[in-house]
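The next block holds one structure in the form of structure tokens; read it before the comments.
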Amino acid sequence: MKEKEQKIMNASLKLFVEQGFHGTSTAEIAKTAEVATGTLFHYFKTKEDLINHLYLYSKESLLDSVSGCYNDKNSFRKNIQNVWMNLVNFGIEESEKYHFILSFHCSPYITYLTKKQVETKFESVFEAYKMGLEKQEIKKASYEMLTDYLWGNVVATVGHFEKYPERFNEENLKLAFELFWGGISK
């Protein structure tokens with residue numbers, strides 16, 4: 001990614017999270033990114049194009065945070081714990097990307113094509129659950145339900161630690177994972 005494009009992405013990510021889609025003008029994005037408005041439109045044809053790029057960029061960052069978590073030598077539980085921990089850490093360490101994903105997941109501005117691109121990239125998560133189901137370590141449920149349950153728990157955990165940052169420690173992270181694991185394990 002070129003430097004100016006990255007500046008635009010960073011500025012718009014911050015502004016969209018803070019002010020929403022309609023509260024953020026392209027002129028304000030360009031000013032915050034310290035580029036000309038024409039430069040913004042050189043990289044992104046429309047504001048909707050920009051938001052779709054940001055969504056894909058943020059989701060790919062989320063996926064990068066869990067890639068490599070799965071190890072065939074580890075137990076299923078350990079692999080899911082690694083994925084869960086990395087997702088929670090992403091929510092805390094990459095707060096703007098995380099909140100952008102939460103804010104725009106159901107947005108009408110995110111196109112069907114963008115959502116399909118994201119879904120394809122996340123198919124590996126379904127594979128992890130497939131192993132747990134085959135080994136009968138987790139309750140029988142659809143991959144989609146299990147993934148939604150995982151994500152819902154991550155959102156609740158990150159939200160808890162944002163509300164009570166003084167409670168963010170290894171002991172409480174382990175407790176939060178145990179609550180999640182207790183919900184899906186047999």
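Identifiers in this document derive from the order of the structure tokens: chains are assigned A, B, ..., residues are numbered from 1 separately in each chain, and ligands are numbered from 1 in order of occurrence.
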>> Residues within 12 Å of A:Val88, please, as a PyMOL selection string. Count only C-alpha atoms; anything in the same chain fewer than 3 positions from it doesn't count.
In response: chain A and resi 62+65-66+81-85+91-95+98+150-162+168+170+173-174+176-177
> Tell me, which residues of stretch 1-179 of chain A carry DSSP alpha helix (DSSP H), written as an MDAnalysis selection string?
Replying inline: chainID A and resid 3:19 26:33 37:43 47:66 76:93 95:104 112:121 123:134 143:163 170:179
>> Can you tell me which residues surround A:Thr120 at a distance of at most 12 Å, considering only C-alpha atoms, apart from same-chain residues fewer than 6 positions away, and format the answer as a PyMOL selection string?
In response: chain A and resi 56+59-60+63+113-114+126
Only N, CA, C and O atoms, please: the residues just picked out, written as a PDB file, in the first residue's frame.
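So the final result, stored in out-v2.pdb, reads:
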```pdb
ATOM      1  N   LEU A  56     -12.716  -4.507   4.265  1.00  0.00           N
ATOM      2  CA  LEU A  56     -11.875  -5.634   3.860  1.00  0.00           C
ATOM      3  C   LEU A  56     -10.520  -5.575   4.556  1.00  0.00           C
ATOM      4  O   LEU A  56     -10.033  -6.583   5.069  1.00  0.00           O
ATOM      5  N   LYS A  59     -11.000  -6.503   8.286  1.00  0.00           N
ATOM      6  CA  LYS A  59     -11.278  -7.940   8.435  1.00  0.00           C
ATOM      7  C   LYS A  59     -10.033  -8.777   8.118  1.00  0.00           C
ATOM      8  O   LYS A  59      -9.786  -9.793   8.780  1.00  0.00           O
ATOM      9  N   GLU A  60      -9.247  -8.360   7.120  1.00  0.00           N
ATOM     10  CA  GLU A  60      -8.004  -9.083   6.817  1.00  0.00           C
ATOM     11  C   GLU A  60      -7.017  -8.961   7.973  1.00  0.00           C
ATOM     12  O   GLU A  60      -6.307  -9.912   8.292  1.00  0.00           O
ATOM     13  N   LEU A  63      -8.169 -11.395  10.517  1.00  0.00           N
ATOM     14  CA  LEU A  63      -7.783 -12.741  10.092  1.00  0.00           C
ATOM     15  C   LEU A  63      -6.286 -12.978  10.298  1.00  0.00           C
ATOM     16  O   LEU A  63      -5.881 -14.044  10.770  1.00  0.00           O
ATOM     17  N   LEU A 113     -20.483  -8.206  -2.463  1.00  0.00           N
ATOM     18  CA  LEU A 113     -19.209  -8.731  -2.959  1.00  0.00           C
ATOM     19  C   LEU A 113     -18.126  -8.637  -1.880  1.00  0.00           C
ATOM     20  O   LEU A 113     -17.377  -9.588  -1.668  1.00  0.00           O
ATOM     21  N   THR A 114     -18.069  -7.516  -1.192  1.00  0.00           N
ATOM     22  CA  THR A 114     -17.080  -7.353  -0.110  1.00  0.00           C
ATOM     23  C   THR A 114     -17.330  -8.375   0.986  1.00  0.00           C
ATOM     24  O   THR A 114     -16.396  -9.015   1.477  1.00  0.00           O
ATOM     25  N   PHE A 126     -14.104 -22.260  10.174  1.00  0.00           N
ATOM     26  CA  PHE A 126     -15.057 -23.363  10.132  1.00  0.00           C
ATOM     27  C   PHE A 126     -14.336 -24.708  10.204  1.00  0.00           C
ATOM     28  O   PHE A 126     -14.820 -25.654  10.814  1.00  0.00           O
TER      29      PHE A 126
END
```
>> Here is a test: counting only C-alpha atoms, which residue of A:Ser75, A:Gln6, A:Gln19, A:Ser58 is nearest to A:Ala33?
In response: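 Comparing A:Ser75, A:Gln6, A:Gln19, A:Ser58 against A:Ala33, the winner is A:Gln6.
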What are the closest atom pairs, with distances in Å to one decimal, for each residue of stretch 37-84 of chain A lying within 12 Å of stretch 22-32 of chain A, using only C-alpha atoms, rows by chain and rising residue number, as a Markdown table?
```
| residue | atom | partner | partner_atom | distance |
| --- | --- | --- | --- | --- |
| A:Thr37 | CA | A:Ala30 | CA | 5.2 |
| A:Gly38 | CA | A:Ala30 | CA | 8.6 |
| A:Thr39 | CA | A:Ala30 | CA | 7.9 |
| A:Leu40 | CA | A:Ala30 | CA | 6.3 |
| A:Phe41 | CA | A:Thr26 | CA | 8.9 |
| A:His42 | CA | A:Ala30 | CA | 11.6 |
| A:Tyr43 | CA | A:Ala30 | CA | 11.5 |
| A:Phe44 | CA | A:Thr26 | CA | 10.4 |
| A:Lys45 | CA | A:Thr26 | CA | 11.1 |
| A:Thr46 | CA | A:Thr26 | CA | 8.9 |
| A:Lys47 | CA | A:Thr26 | CA | 6.9 |
| A:Glu48 | CA | A:Thr26 | CA | 10.6 |
| A:Asp49 | CA | A:Thr26 | CA | 11.8 |
| A:Leu50 | CA | A:Thr26 | CA | 9.8 |
| A:Ile51 | CA | A:Thr26 | CA | 11.2 |
```
File of the preceding selection, all heavy atoms, as a compact mmCIF listing (two decimals), in the first residue's frame:
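Result file follows (selection_33.txt):
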```
# COMPACT_ATOMS: atom_id res chain seq x y z
N THR A 37 -7.96 16.52 -1.52
CA THR A 37 -9.19 15.76 -1.74
C THR A 37 -9.11 14.96 -3.04
O THR A 37 -9.57 13.82 -3.10
CB THR A 37 -10.41 16.70 -1.75
OG1 THR A 37 -10.42 17.45 -0.53
CG2 THR A 37 -11.71 15.93 -1.86
N GLY A 38 -8.49 15.54 -4.05
CA GLY A 38 -8.30 14.83 -5.31
C GLY A 38 -7.47 13.57 -5.15
O GLY A 38 -7.72 12.57 -5.84
N THR A 39 -6.52 13.61 -4.24
CA THR A 39 -5.69 12.42 -3.98
C THR A 39 -6.54 11.31 -3.39
O THR A 39 -6.39 10.14 -3.75
CB THR A 39 -4.52 12.78 -3.02
OG1 THR A 39 -3.76 13.83 -3.60
CG2 THR A 39 -3.64 11.57 -2.75
N LEU A 40 -7.45 11.68 -2.49
CA LEU A 40 -8.36 10.68 -1.91
C LEU A 40 -9.14 9.99 -3.02
O LEU A 40 -9.22 8.76 -3.05
CB LEU A 40 -9.31 11.36 -0.92
CG LEU A 40 -10.23 10.45 -0.12
CD1 LEU A 40 -10.54 11.07 1.23
CD2 LEU A 40 -11.51 10.14 -0.83
N PHE A 41 -9.67 10.79 -3.95
CA PHE A 41 -10.47 10.20 -5.03
C PHE A 41 -9.62 9.49 -6.09
O PHE A 41 -10.15 8.73 -6.88
CB PHE A 41 -11.38 11.26 -5.65
CG PHE A 41 -12.50 11.65 -4.73
CD1 PHE A 41 -12.57 12.92 -4.19
CD2 PHE A 41 -13.48 10.72 -4.37
CE1 PHE A 41 -13.61 13.26 -3.32
CE2 PHE A 41 -14.51 11.05 -3.51
CZ PHE A 41 -14.58 12.33 -2.98
N HIS A 42 -8.32 9.74 -6.07
CA HIS A 42 -7.43 8.97 -6.95
C HIS A 42 -7.38 7.51 -6.48
O HIS A 42 -7.38 6.59 -7.29
CB HIS A 42 -6.02 9.58 -6.94
CG HIS A 42 -4.99 8.73 -7.58
ND1 HIS A 42 -4.89 8.60 -8.96
CD2 HIS A 42 -4.02 7.94 -7.07
CE1 HIS A 42 -3.90 7.77 -9.25
NE2 HIS A 42 -3.36 7.36 -8.11
N TYR A 43 -7.35 7.32 -5.17
CA TYR A 43 -7.27 5.96 -4.61
C TYR A 43 -8.64 5.32 -4.44
O TYR A 43 -8.77 4.10 -4.56
CB TYR A 43 -6.55 5.99 -3.26
CG TYR A 43 -5.08 6.29 -3.39
CD1 TYR A 43 -4.56 7.53 -3.04
CD2 TYR A 43 -4.20 5.33 -3.88
CE1 TYR A 43 -3.21 7.81 -3.17
CE2 TYR A 43 -2.85 5.59 -4.00
CZ TYR A 43 -2.36 6.84 -3.66
OH TYR A 43 -1.02 7.10 -3.79
N PHE A 44 -9.65 6.12 -4.12
CA PHE A 44 -10.99 5.59 -3.86
C PHE A 44 -12.00 6.43 -4.64
O PHE A 44 -12.11 7.63 -4.42
CB PHE A 44 -11.29 5.64 -2.35
CG PHE A 44 -10.23 4.97 -1.54
CD1 PHE A 44 -9.25 5.73 -0.90
CD2 PHE A 44 -10.17 3.59 -1.44
CE1 PHE A 44 -8.25 5.12 -0.17
CE2 PHE A 44 -9.16 2.98 -0.71
CZ PHE A 44 -8.20 3.74 -0.07
N LYS A 45 -12.73 5.79 -5.52
CA LYS A 45 -13.63 6.49 -6.44
C LYS A 45 -14.76 7.22 -5.72
O LYS A 45 -15.19 8.29 -6.12
CB LYS A 45 -14.22 5.52 -7.48
CG LYS A 45 -13.18 4.79 -8.30
CD LYS A 45 -12.38 5.74 -9.17
CE LYS A 45 -11.36 4.99 -9.98
NZ LYS A 45 -10.08 5.65 -10.07
N THR A 46 -15.26 6.58 -4.64
CA THR A 46 -16.36 7.16 -3.86
C THR A 46 -16.12 6.89 -2.37
O THR A 46 -15.27 6.06 -2.01
CB THR A 46 -17.71 6.52 -4.24
OG1 THR A 46 -17.66 5.12 -3.90
CG2 THR A 46 -18.03 6.67 -5.73
N LYS A 47 -16.89 7.54 -1.56
CA LYS A 47 -16.83 7.29 -0.11
C LYS A 47 -17.23 5.84 0.19
O LYS A 47 -16.66 5.19 1.06
CB LYS A 47 -17.77 8.28 0.59
CG LYS A 47 -17.62 8.39 2.07
CD LYS A 47 -18.44 9.60 2.54
CE LYS A 47 -18.90 9.51 3.93
NZ LYS A 47 -19.74 10.64 4.34
N GLU A 48 -18.20 5.32 -0.58
CA GLU A 48 -18.63 3.94 -0.42
C GLU A 48 -17.51 2.96 -0.79
O GLU A 48 -17.33 1.93 -0.15
CB GLU A 48 -19.88 3.66 -1.26
CG GLU A 48 -21.13 4.33 -0.75
CD GLU A 48 -21.27 5.80 -1.14
OE1 GLU A 48 -20.39 6.33 -1.86
OE2 GLU A 48 -22.25 6.43 -0.70
N ASP A 49 -16.75 3.30 -1.82
CA ASP A 49 -15.60 2.49 -2.22
C ASP A 49 -14.57 2.47 -1.09
O ASP A 49 -14.03 1.41 -0.74
CB ASP A 49 -14.98 3.07 -3.51
CG ASP A 49 -13.83 2.25 -4.05
OD1 ASP A 49 -13.90 1.00 -3.98
OD2 ASP A 49 -12.87 2.86 -4.57
N LEU A 50 -14.33 3.61 -0.50
CA LEU A 50 -13.38 3.71 0.62
C LEU A 50 -13.83 2.84 1.78
O LEU A 50 -13.05 2.09 2.36
CB LEU A 50 -13.24 5.17 1.05
CG LEU A 50 -12.45 5.44 2.35
CD1 LEU A 50 -11.02 4.89 2.25
CD2 LEU A 50 -12.43 6.94 2.64
N ILE A 51 -15.10 2.92 2.12
CA ILE A 51 -15.59 2.17 3.29
C ILE A 51 -15.50 0.66 3.05
O ILE A 51 -15.21 -0.11 3.95
CB ILE A 51 -16.99 2.64 3.71
CG1 ILE A 51 -17.17 2.39 5.20
CG2 ILE A 51 -18.09 1.99 2.95
CD1 ILE A 51 -18.18 3.28 5.85
```
>> Using only C-alpha atoms, can you tell me which of A:Lys186, A:Lys14, A:Lys116, A:Lys7 comes closest to A:Glu96?
In response: A:Lys14
